[in-house]
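Participant: So I've got this file, upload.cif, and it contains mmCIF, C-alpha atoms:
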data_data
loop_
_atom_site.group_PDB
_atom_site.id
_atom_site.type_symbol
_atom_site.label_atom_id
_atom_site.label_comp_id
_atom_site.auth_asym_id
_atom_site.auth_seq_id
_atom_site.Cartn_x
_atom_site.Cartn_y
_atom_site.Cartn_z
ATOM 1 C CA MET A 1 -4.227 124.977 -36.781
ATOM 2 C CA THR A 2 -2.525 121.942 -35.243
ATOM 3 C CA ASN A 3 -0.698 121.220 -38.467
ATOM 4 C CA GLN A 4 2.946 121.914 -37.711
ATOM 5 C CA GLU A 5 4.224 120.708 -41.067
ATOM 6 C CA LYS A 6 4.955 123.105 -43.872
ATOM 7 C CA VAL A 7 3.838 122.350 -47.397
ATOM 8 C CA SER A 8 6.803 122.441 -49.755
ATOM 9 C CA GLY A 9 7.362 125.623 -51.752
ATOM 10 C CA ASP A 10 5.643 124.626 -55.000
ATOM 11 C CA GLY A 11 2.482 123.437 -53.189
ATOM 12 C CA LYS A 12 2.991 119.800 -54.227
ATOM 13 C CA ARG A 13 2.478 117.158 -51.542
ATOM 14 C CA LYS A 14 5.572 115.441 -50.152
ATOM 15 C CA TRP A 15 6.609 111.972 -51.183
ATOM 16 C CA ASN A 16 5.901 109.578 -48.288
ATOM 17 C CA TRP A 17 9.329 107.902 -48.075
ATOM 18 C CA ARG A 18 8.392 106.001 -44.922
ATOM 19 C CA ILE A 19 5.735 103.821 -46.498
ATOM 20 C CA TRP A 20 8.022 102.982 -49.413
ATOM 21 C CA SER A 21 11.104 102.235 -47.308
ATOM 22 C CA GLY A 22 8.975 100.180 -44.915
ATOM 23 C CA PHE A 23 7.603 98.187 -47.827
ATOM 24 C CA LEU A 24 11.024 97.642 -49.420
ATOM 25 C CA LEU A 25 12.461 96.547 -46.084
ATOM 26 C CA ALA A 26 9.643 94.027 -45.618
ATOM 27 C CA VAL A 27 10.126 92.669 -49.133
ATOM 28 C CA ALA A 28 13.891 92.358 -48.528
ATOM 29 C CA VAL A 29 13.458 90.049 -45.510
ATOM 30 C CA VAL A 30 12.862 86.799 -47.427
ATOM 31 C CA PRO A 31 15.746 87.170 -49.930
ATOM 32 C CA GLY A 32 17.898 88.607 -47.142
ATOM 33 C CA TYR A 33 17.352 85.423 -45.135
ATOM 34 C CA ILE A 34 17.845 83.025 -48.042
ATOM 35 C CA LEU A 35 20.893 84.725 -49.523
ATOM 36 C CA PHE A 36 22.657 85.893 -46.391
ATOM 37 C CA LEU A 37 21.254 85.339 -42.893
ATOM 38 C CA ALA A 38 20.621 81.621 -43.479
ATOM 39 C CA ARG A 39 24.397 81.074 -43.747
ATOM 40 C CA PHE A 40 24.920 81.639 -40.025
ATOM 41 C CA PRO A 41 23.300 79.356 -37.437
ATOM 42 C CA ILE A 42 22.801 82.290 -35.064
ATOM 43 C CA THR A 43 20.460 84.058 -37.486
ATOM 44 C CA ARG A 44 19.188 80.940 -39.253
ATOM 45 C CA ASN A 45 17.891 78.700 -36.488
ATOM 46 C CA THR A 46 15.745 81.354 -34.791
ATOM 47 C CA PRO A 47 15.564 84.182 -37.334
ATOM 48 C CA TRP A 48 15.436 87.037 -34.803
ATOM 49 C CA ALA A 49 17.243 89.443 -37.173
ATOM 50 C CA SER A 50 14.636 88.906 -39.877
ATOM 51 C CA TRP A 51 11.804 89.525 -37.425
ATOM 52 C CA LEU A 52 13.554 92.741 -36.321
ATOM 53 C CA MET A 53 13.610 93.827 -39.965
ATOM 54 C CA PHE A 54 9.861 93.168 -40.174
ATOM 55 C CA ALA A 55 9.315 95.151 -36.972
ATOM 56 C CA ALA A 56 11.293 98.106 -38.366
ATOM 57 C CA ALA A 57 9.353 97.862 -41.624
ATOM 58 C CA GLY A 58 6.127 97.857 -39.658
ATOM 59 C CA GLY A 59 7.190 100.939 -37.748
ATOM 60 C CA LEU A 60 8.012 102.799 -40.952
ATOM 61 C CA LEU A 61 4.759 101.795 -42.610
ATOM 62 C CA TRP A 62 2.733 102.710 -39.521
ATOM 63 C CA THR A 63 4.235 106.184 -39.089
ATOM 64 C CA GLY A 64 4.048 106.797 -42.836
ATOM 65 C CA ILE A 65 0.387 105.818 -43.085
ATOM 66 C CA ARG A 66 -0.433 107.840 -40.004
ATOM 67 C CA ARG A 67 1.109 110.928 -41.615
ATOM 68 C CA ALA A 68 -0.781 110.349 -44.834
ATOM 69 C CA PHE A 69 -4.094 110.252 -42.964
ATOM 70 C CA ALA A 70 -3.311 113.001 -40.451
ATOM 71 C CA ASN A 71 -1.891 115.475 -42.990
ATOM 72 C CA PRO A 72 -3.178 114.439 -46.394
ATOM 73 C CA GLU A 73 -2.626 117.980 -47.678
ATOM 74 C CA VAL A 74 1.092 117.551 -46.935
ATOM 75 C CA TYR A 75 1.803 113.844 -47.424
ATOM 76 C CA ARG A 76 0.826 111.450 -50.170
ATOM 77 C CA GLY A 77 0.037 107.832 -49.484
ATOM 78 C CA LYS A 78 -3.544 107.482 -48.244
ATOM 79 C CA VAL A 79 -4.212 104.845 -50.899
ATOM 80 C CA VAL A 80 -0.746 103.500 -51.662
ATOM 81 C CA GLY A 81 0.185 103.209 -47.976
ATOM 82 C CA PRO A 82 -2.461 100.653 -46.994
ATOM 83 C CA ILE A 83 -1.814 98.714 -50.212
ATOM 84 C CA LEU A 84 1.902 98.493 -49.430
ATOM 85 C CA ALA A 85 1.047 97.521 -45.866
ATOM 86 C CA VAL A 86 -1.105 94.612 -47.047
ATOM 87 C CA LEU A 87 1.629 93.469 -49.437
ATOM 88 C CA SER A 88 4.134 93.666 -46.576
ATOM 89 C CA LEU A 89 1.845 91.527 -44.437
ATOM 90 C CA GLY A 90 1.951 89.033 -47.295
ATOM 91 C CA ALA A 91 5.746 88.930 -46.977
ATOM 92 C CA VAL A 92 5.383 88.367 -43.212
ATOM 93 C CA ALA A 93 2.926 85.537 -43.814
ATOM 94 C CA LEU A 94 5.220 83.905 -46.362
ATOM 95 C CA PHE A 95 8.220 84.063 -44.045
ATOM 96 C CA ALA A 96 6.263 82.834 -41.023
ATOM 97 C CA PHE A 97 4.835 79.945 -43.025
ATOM 98 C CA ALA A 98 8.249 78.923 -44.362
ATOM 99 C CA THR A 99 10.162 79.117 -41.084
ATOM 100 C CA LEU A 100 7.519 78.124 -38.532
ATOM 101 C CA TYR A 101 5.624 75.485 -40.464
ATOM 102 C CA ALA A 102 7.061 74.285 -43.767
ATOM 103 C CA SER A 103 10.587 73.576 -42.517
ATOM 104 C CA ARG A 104 9.161 71.452 -39.684
ATOM 105 C CA GLN A 105 7.099 69.185 -41.915
ATOM 106 C CA LEU A 106 9.567 66.314 -41.631
ATOM 107 C CA PRO A 107 8.595 62.650 -41.330
ATOM 108 C CA ALA A 108 9.229 61.296 -37.847
ATOM 109 C CA ALA A 109 11.721 58.623 -38.986
ATOM 110 C CA ALA A 110 10.597 56.372 -36.150
ATOM 111 C CA GLY A 111 12.428 53.365 -37.568
ATOM 112 C CA ALA A 112 15.788 55.090 -38.065
ATOM 113 C CA PRO A 113 18.762 53.401 -36.381
ATOM 114 C CA ALA A 114 18.986 54.489 -32.750
ATOM 115 C CA VAL A 115 22.014 54.706 -30.487
ATOM 116 C CA GLY A 116 23.162 51.137 -29.883
ATOM 117 C CA ASP A 117 21.728 49.778 -33.156
ATOM 118 C CA LYS A 118 23.862 48.448 -35.965
ATOM 119 C CA ALA A 119 24.050 50.910 -38.862
ATOM 120 C CA PRO A 120 22.686 49.142 -41.967
ATOM 121 C CA GLU A 121 25.359 48.242 -44.492
ATOM 122 C CA PHE A 122 25.318 49.922 -47.903
ATOM 123 C CA ALA A 123 27.451 50.561 -51.009
ATOM 124 C CA LEU A 124 27.053 53.837 -52.932
ATOM 125 C CA ALA A 125 28.995 55.713 -55.610
ATOM 126 C CA ASP A 126 31.194 58.670 -54.646
ATOM 127 C CA THR A 127 31.734 61.751 -56.835
ATOM 128 C CA ASN A 128 34.217 59.803 -58.961
ATOM 129 C CA GLY A 129 31.770 56.961 -59.529
ATOM 130 C CA ARG A 130 33.688 54.618 -57.242
ATOM 131 C CA MET A 131 31.502 52.317 -55.101
ATOM 132 C CA LEU A 132 32.208 52.720 -51.385
ATOM 133 C CA ALA A 133 30.746 50.374 -48.754
ATOM 134 C CA LEU A 134 30.114 51.355 -45.126
ATOM 135 C CA SER A 135 32.271 48.454 -43.910
ATOM 136 C CA MET A 136 35.065 49.730 -46.106
ATOM 137 C CA LEU A 137 34.653 53.325 -44.893
ATOM 138 C CA LEU A 138 34.968 52.067 -41.314
ATOM 139 C CA SER A 139 38.102 49.989 -41.926
ATOM 140 C CA GLU A 140 40.160 51.776 -44.572
ATOM 141 C CA PRO A 141 42.518 54.604 -43.649
ATOM 142 C CA MET A 142 40.950 58.045 -44.127
ATOM 143 C CA PRO A 143 41.859 59.862 -47.333
ATOM 144 C CA GLY A 144 44.435 62.573 -47.034
ATOM 145 C CA MET A 145 47.368 62.657 -44.689
ATOM 146 C CA GLN A 146 45.811 60.661 -41.856
ATOM 147 C CA ALA A 147 47.571 57.410 -41.100
ATOM 148 C CA GLY A 148 45.676 54.529 -39.574
ATOM 149 C CA LYS A 149 42.036 53.607 -39.417
ATOM 150 C CA PRO A 150 39.279 56.049 -38.513
ATOM 151 C CA ARG A 151 37.627 55.846 -35.089
ATOM 152 C CA GLY A 152 34.268 56.274 -36.698
ATOM 153 C CA VAL A 153 32.218 57.587 -39.596
ATOM 154 C CA LEU A 154 29.714 60.455 -39.489
ATOM 155 C CA LEU A 155 26.898 59.715 -41.926
ATOM 156 C CA VAL A 156 25.255 63.002 -42.905
ATOM 157 C CA PHE A 157 21.989 62.470 -44.749
ATOM 158 C CA TYR A 158 20.879 65.734 -46.352
ATOM 159 C CA ARG A 159 18.096 66.921 -48.622
ATOM 160 C CA GLY A 160 20.269 67.640 -51.630
ATOM 161 C CA TYR A 161 21.667 70.624 -53.460
ATOM 162 C CA TRP A 162 19.154 72.806 -55.307
ATOM 163 C CA MET B 1 34.931 69.550 -40.336
ATOM 164 C CA SER B 2 38.686 69.096 -40.343
ATOM 165 C CA GLU B 3 38.652 69.016 -36.536
ATOM 166 C CA LEU B 4 36.390 65.996 -36.843
ATOM 167 C CA GLU B 5 38.855 64.368 -39.183
ATOM 168 C CA GLN B 6 41.661 65.182 -36.773
ATOM 169 C CA ARG B 7 39.717 63.236 -34.139
ATOM 170 C CA GLY B 8 39.583 60.248 -36.503
ATOM 171 C CA VAL B 9 35.972 60.738 -37.615
ATOM 172 C CA ARG B 10 35.373 60.461 -41.348
ATOM 173 C CA PRO B 11 32.436 62.605 -42.551
ATOM 174 C CA VAL B 12 30.360 60.974 -45.321
ATOM 175 C CA ALA B 13 27.502 62.939 -46.898
ATOM 176 C CA ILE B 14 24.608 61.066 -48.547
ATOM 177 C CA SER B 15 21.740 62.410 -50.675
ATOM 178 C CA VAL B 16 19.784 61.578 -53.822
ATOM 179 C CA ASP B 17 21.991 63.957 -55.822
ATOM 180 C CA SER B 18 23.953 62.372 -58.656
ATOM 181 C CA PRO B 19 27.749 62.163 -58.414
ATOM 182 C CA GLU B 20 27.918 65.064 -60.883
ATOM 183 C CA GLU B 21 25.610 67.253 -58.792
ATOM 184 C CA SER B 22 27.564 66.464 -55.630
ATOM 185 C CA ALA B 23 30.851 67.180 -57.403
ATOM 186 C CA ALA B 24 29.491 70.604 -58.410
ATOM 187 C CA LEU B 25 28.445 71.318 -54.812
ATOM 188 C CA CYS B 26 31.866 70.265 -53.492
ATOM 189 C CA GLU B 27 33.639 72.452 -55.970
ATOM 190 C CA LYS B 28 31.439 75.431 -55.211
ATOM 191 C CA ALA B 29 31.674 75.100 -51.433
ATOM 192 C CA GLY B 30 35.222 73.771 -51.224
ATOM 193 C CA TYR B 31 34.259 70.511 -49.496
ATOM 194 C CA THR B 32 36.861 67.749 -49.608
ATOM 195 C CA TYR B 33 35.116 64.967 -47.764
ATOM 196 C CA THR B 34 33.268 61.980 -49.193
ATOM 197 C CA PHE B 35 29.907 62.530 -50.924
ATOM 198 C CA LEU B 36 27.833 59.469 -51.843
ATOM 199 C CA SER B 37 24.985 59.279 -54.308
ATOM 200 C CA ASP B 38 21.717 57.448 -53.504
ATOM 201 C CA PRO B 39 19.605 58.408 -56.538
ATOM 202 C CA LYS B 40 16.737 55.948 -55.919
ATOM 203 C CA ALA B 41 16.763 56.665 -52.173
ATOM 204 C CA GLU B 42 17.362 52.946 -51.492
ATOM 205 C CA VAL B 43 19.810 53.495 -48.629
ATOM 206 C CA ILE B 44 17.688 56.426 -47.420
ATOM 207 C CA ARG B 45 14.775 53.979 -47.147
ATOM 208 C CA ARG B 46 16.990 51.403 -45.414
ATOM 209 C CA TYR B 47 17.726 54.056 -42.768
ATOM 210 C CA HIS B 48 13.998 54.992 -42.532
ATOM 211 C CA LEU B 49 14.762 58.578 -43.563
ATOM 212 C CA LEU B 50 12.543 58.857 -46.633
ATOM 213 C CA HIS B 51 10.765 62.158 -47.205
ATOM 214 C CA GLN B 52 8.406 61.348 -50.056
ATOM 215 C CA GLY B 53 7.942 63.936 -52.745
ATOM 216 C CA ALA B 54 9.722 66.671 -50.812
ATOM 217 C CA GLY B 55 12.374 67.343 -53.439
ATOM 218 C CA VAL B 56 12.277 69.444 -56.578
ATOM 219 C CA ASP B 57 9.725 68.028 -59.084
ATOM 220 C CA GLY B 58 8.298 65.829 -56.348
ATOM 221 C CA LYS B 59 11.447 63.732 -56.031
ATOM 222 C CA ASP B 60 11.802 61.475 -52.992
ATOM 223 C CA ILE B 61 14.638 62.763 -50.803
ATOM 224 C CA ALA B 62 16.079 62.176 -47.332
ATOM 225 C CA ARG B 63 14.860 64.009 -44.262
ATOM 226 C CA PRO B 64 18.021 65.421 -42.617
ATOM 227 C CA ALA B 65 19.788 63.165 -40.080
ATOM 228 C CA GLU B 66 23.293 62.451 -38.814
ATOM 229 C CA PHE B 67 24.667 59.196 -37.389
ATOM 230 C CA LEU B 68 28.039 58.723 -35.735
ATOM 231 C CA VAL B 69 29.017 55.079 -36.326
ATOM 232 C CA ASP B 70 31.933 53.369 -34.571
ATOM 233 C CA THR B 71 34.300 50.914 -36.233
ATOM 234 C CA SER B 72 32.168 47.935 -35.218
ATOM 235 C CA GLY B 73 29.267 49.472 -37.156
ATOM 236 C CA VAL B 74 27.236 50.540 -34.098
ATOM 237 C CA VAL B 75 25.504 53.931 -33.888
ATOM 238 C CA ARG B 76 26.977 55.925 -30.978
ATOM 239 C CA TRP B 77 25.265 59.296 -31.548
ATOM 240 C CA ARG B 78 22.547 60.507 -33.805
ATOM 241 C CA ASN B 79 20.756 63.757 -34.610
ATOM 242 C CA LEU B 80 17.242 63.809 -36.081
ATOM 243 C CA THR B 81 16.453 67.493 -36.503
ATOM 244 C CA GLU B 82 12.801 68.574 -36.206
ATOM 245 C CA ASP B 83 13.369 71.541 -38.519
ATOM 246 C CA PHE B 84 15.454 71.267 -41.656
ATOM 247 C CA ARG B 85 16.763 74.784 -41.114
ATOM 248 C CA VAL B 86 18.408 73.708 -37.851
ATOM 249 C CA ARG B 87 21.476 71.544 -38.306
ATOM 250 C CA ALA B 88 23.883 69.934 -35.831
ATOM 251 C CA THR B 89 26.964 72.071 -35.334
ATOM 252 C CA PRO B 90 30.481 70.632 -35.553
ATOM 253 C CA GLU B 91 30.626 71.101 -31.767
ATOM 254 C CA ASP B 92 27.559 68.872 -31.328
ATOM 255 C CA VAL B 93 29.228 66.189 -33.403
ATOM 256 C CA LEU B 94 32.540 66.502 -31.561
ATOM 257 C CA LYS B 95 30.711 65.989 -28.277
ATOM 258 C CA GLY B 96 29.162 62.915 -29.842
ATOM 259 C CA ALA B 97 32.611 61.798 -31.002
ATOM 260 C CA GLN B 98 33.688 61.595 -27.361
ATOM 261 C CA LEU B 99 31.285 58.686 -27.173
ATOM 262 C CA LEU B 100 33.415 56.686 -29.589
ATOM 263 C CA PRO B 101 35.526 53.932 -27.977
#
Once you've parsed the file, please lay out its structure as structure tokens.

Facilitator:
Amino acid sequence: MTNQEKVSGDGKRKWNWRIWSGFLLAVAVVPGYILFLARFPITRNTPWASWLMFAAAGGLLWTGIRRAFANPEVYRGKVVGPILAVLSLGAVALFAFATLYASRQLPAAAGAPAVGDKAPEFALADTNGRMLALSMLLSEPMPGMQAGKPRGVLLVFYRGYW
Amino acid sequence: MSELEQRGVRPVAISVDSPEESAALCEKAGYTYTFLSDPKAEVIRRYHLLHQGAGVDGKDIARPAEFLVDTSGVVRWRNLTEDFRVRATPEDVLKGAQLLP
């Protein structure tokens, strides 16, 4: 017999914790990125930490499924294992799609003001409903303790808060 | 951001969010700088930054971009990210601020 494993005392097959922990780790990657890792540029811009989590999940699933097929009399998981592996691949596909494709689908903005161009004038409402014009932002003293005019304005166009 | 302000650069954030939505964001994140509301994306269009239908419920929003404008109204530095997950760091902007007269 090449089977080195011992069946547990009551003859029941062992729970295959590897396939379940691999699956849970894979499923945790997307919320882990959105809720935590995306806050830091080092793990947001190129999400190496998330891909490491997927690799670890893959390792757990692989060794767990291998056990289930090599020693089915000892380990459960011959059916559940592959199912969890396919679901985990779904999580990988979702994450890859979102971070390698979807977030890059931005219009080229070919006509946007370039270095050396005049920035188009505008007047928009601030959070208090007060209308502020670009010319005013460039000439009025900055709010707060700063005395004197600003040297410049940084316009930050962003997608919005949702 | 306060290092930017120390260098005399006034940050101004612009999106299609309403003043109320921006006020909620500022309160939650502790931002103190100026947030402007462009609900019909008129200024966003003027700057050629429109991203049609990309917002929640198919709203038109801005694609992310930053412009450093000097006191004569001329653009001295800009950042047009190719990936909305990747944003300019304060250090990038400070380097750009050295280009201000």

Participant: Tell me which protein, DNA and RNA residues are within 10 Å of Arg18 (chain A), counting all atoms listed in the file, leaving out same-chain ones fewer than 6 positions away, and put them as a ChimeraX atom specification.

Facilitator: /A:24,57-65,67,77,81

Participant: Please dump the current selection as a PDB file, in the coordinates of the input; keep C-alpha atoms.

Facilitator:
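Result file is part15.pdb:
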ATOM      1  CA  LEU A  24      11.024  97.642 -49.420  1.00  0.00           C
ATOM      2  CA  ALA A  57       9.353  97.862 -41.624  1.00  0.00           C
ATOM      3  CA  GLY A  58       6.127  97.857 -39.658  1.00  0.00           C
ATOM      4  CA  GLY A  59       7.190 100.939 -37.748  1.00  0.00           C
ATOM      5  CA  LEU A  60       8.012 102.799 -40.952  1.00  0.00           C
ATOM      6  CA  LEU A  61       4.759 101.795 -42.610  1.00  0.00           C
ATOM      7  CA  TRP A  62       2.733 102.710 -39.521  1.00  0.00           C
ATOM      8  CA  THR A  63       4.235 106.184 -39.089  1.00  0.00           C
ATOM      9  CA  GLY A  64       4.048 106.797 -42.836  1.00  0.00           C
ATOM     10  CA  ILE A  65       0.387 105.818 -43.085  1.00  0.00           C
ATOM     11  CA  ARG A  67       1.109 110.928 -41.615  1.00  0.00           C
ATOM     12  CA  GLY A  77       0.037 107.832 -49.484  1.00  0.00           C
ATOM     13  CA  GLY A  81       0.185 103.209 -47.976  1.00  0.00           C
TER      14      GLY A  81
END

Participant: For Ile34 (chain A), find every residue with an atom within 12 Å (counting all atoms listed in the file), except residues of its own chain fewer than 3 positions away, and show them as an NGL selection string.

Facilitator: (:A and (28-31 or 37-40 or 43-44 or 47 or 50 or 95 or 98-99)) or (:B and (85))

Participant: Could the residues in this selection be saved with C-alpha atoms as a compact mmCIF listing (two decimals), in the coordinates of the input?

Facilitator:
# COMPACT_ATOMS: atom_id res chain seq x y z
CA ALA A 28 13.89 92.36 -48.53
CA VAL A 29 13.46 90.05 -45.51
CA VAL A 30 12.86 86.80 -47.43
CA PRO A 31 15.75 87.17 -49.93
CA LEU A 37 21.25 85.34 -42.89
CA ALA A 38 20.62 81.62 -43.48
CA ARG A 39 24.40 81.07 -43.75
CA PHE A 40 24.92 81.64 -40.02
CA THR A 43 20.46 84.06 -37.49
CA ARG A 44 19.19 80.94 -39.25
CA PRO A 47 15.56 84.18 -37.33
CA SER A 50 14.64 88.91 -39.88
CA PHE A 95 8.22 84.06 -44.04
CA ALA A 98 8.25 78.92 -44.36
CA THR A 99 10.16 79.12 -41.08
CA ARG B 85 16.76 74.78 -41.11

Participant: Would you work out the distance separating CA of Gln6 (chain B) from CA of Leu132 (chain A), expressed in Å to one decimal?

Facilitator: 21.4 Å

Participant: For the provided coordinates, the residues matched by the PyMOL selection byres ((chain A) within 7 of (chain B)) should be stated as a PyMOL selection string.

Facilitator: chain A and resi 44-45+103-104+106-107+109+111-119+122+124-129+138-139+142+150-161

Participant: So how far away is CA of Leu94 (chain A) from CA of Trp20 (chain A), in Å?

Facilitator: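 Calculated distance between CA of Trp20 (chain A) and CA of Leu94 (chain A) is 19.5 Å.
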
Participant: Quick check, in Å to one decimal: how far apart do CA of Arg13 (chain A) and CA of Glu73 (chain A) lie?

Facilitator: 6.5 Å

Participant: Got a minute to add N, CA and C atoms to region 118-134 of chain A and dump it as a PDB file, keeping the file's coordinate frame?

Facilitator:
ATOM      1  N   LYS A 118      22.897  48.572 -34.868  1.00  0.00           N
ATOM      2  CA  LYS A 118      23.862  48.448 -35.965  1.00  0.00           C
ATOM      3  C   LYS A 118      23.415  49.370 -37.105  1.00  0.00           C
ATOM      4  N   ALA A 119      24.376  50.088 -37.696  1.00  0.00           N
ATOM      5  CA  ALA A 119      24.050  50.910 -38.862  1.00  0.00           C
ATOM      6  C   ALA A 119      23.962  49.993 -40.079  1.00  0.00           C
ATOM      7  N   PRO A 120      22.831  50.034 -40.811  1.00  0.00           N
ATOM      8  CA  PRO A 120      22.686  49.142 -41.967  1.00  0.00           C
ATOM      9  C   PRO A 120      23.816  49.319 -42.972  1.00  0.00           C
ATOM     10  N   GLU A 121      24.297  48.199 -43.502  1.00  0.00           N
ATOM     11  CA  GLU A 121      25.359  48.242 -44.492  1.00  0.00           C
ATOM     12  C   GLU A 121      24.835  48.815 -45.801  1.00  0.00           C
ATOM     13  N   PHE A 122      25.703  49.418 -46.588  1.00  0.00           N
ATOM     14  CA  PHE A 122      25.318  49.922 -47.903  1.00  0.00           C
ATOM     15  C   PHE A 122      26.560  50.054 -48.773  1.00  0.00           C
ATOM     16  N   ALA A 123      26.357  50.247 -50.080  1.00  0.00           N
ATOM     17  CA  ALA A 123      27.451  50.561 -51.009  1.00  0.00           C
ATOM     18  C   ALA A 123      26.908  51.577 -52.006  1.00  0.00           C
ATOM     19  N   LEU A 124      27.528  52.772 -52.043  1.00  0.00           N
ATOM     20  CA  LEU A 124      27.053  53.837 -52.932  1.00  0.00           C
ATOM     21  C   LEU A 124      28.231  54.454 -53.675  1.00  0.00           C
ATOM     22  N   ALA A 125      27.938  55.114 -54.789  1.00  0.00           N
ATOM     23  CA  ALA A 125      28.995  55.713 -55.610  1.00  0.00           C
ATOM     24  C   ALA A 125      29.395  57.069 -55.074  1.00  0.00           C
ATOM     25  N   ASP A 126      30.716  57.334 -55.035  1.00  0.00           N
ATOM     26  CA  ASP A 126      31.194  58.670 -54.646  1.00  0.00           C
ATOM     27  C   ASP A 126      31.220  59.585 -55.880  1.00  0.00           C
ATOM     28  N   THR A 127      31.786  60.786 -55.735  1.00  0.00           N
ATOM     29  CA  THR A 127      31.734  61.751 -56.835  1.00  0.00           C
ATOM     30  C   THR A 127      32.567  61.311 -58.033  1.00  0.00           C
ATOM     31  N   ASN A 128      33.447  60.333 -57.835  1.00  0.00           N
ATOM     32  CA  ASN A 128      34.217  59.803 -58.961  1.00  0.00           C
ATOM     33  C   ASN A 128      33.595  58.545 -59.534  1.00  0.00           C
ATOM     34  N   GLY A 129      32.429  58.162 -59.035  1.00  0.00           N
ATOM     35  CA  GLY A 129      31.770  56.961 -59.529  1.00  0.00           C
ATOM     36  C   GLY A 129      32.253  55.680 -58.873  1.00  0.00           C
ATOM     37  N   ARG A 130      33.155  55.808 -57.906  1.00  0.00           N
ATOM     38  CA  ARG A 130      33.688  54.618 -57.242  1.00  0.00           C
ATOM     39  C   ARG A 130      32.728  54.154 -56.151  1.00  0.00           C
ATOM     40  N   MET A 131      32.424  52.858 -56.104  1.00  0.00           N
ATOM     41  CA  MET A 131      31.502  52.317 -55.101  1.00  0.00           C
ATOM     42  C   MET A 131      32.224  52.189 -53.762  1.00  0.00           C
ATOM     43  N   LEU A 132      31.632  52.791 -52.726  1.00  0.00           N
ATOM     44  CA  LEU A 132      32.208  52.720 -51.385  1.00  0.00           C
ATOM     45  C   LEU A 132      31.199  52.065 -50.446  1.00  0.00           C
ATOM     46  N   ALA A 133      31.635  51.046 -49.707  1.00  0.00           N
ATOM     47  CA  ALA A 133      30.746  50.374 -48.754  1.00  0.00           C
ATOM     48  C   ALA A 133      31.006  50.910 -47.358  1.00  0.00           C
ATOM     49  N   LEU A 134      29.971  50.878 -46.507  1.00  0.00           N
ATOM     50  CA  LEU A 134      30.114  51.355 -45.126  1.00  0.00           C
ATOM     51  C   LEU A 134      31.209  50.594 -44.404  1.00  0.00           C
TER      52      LEU A 134
END
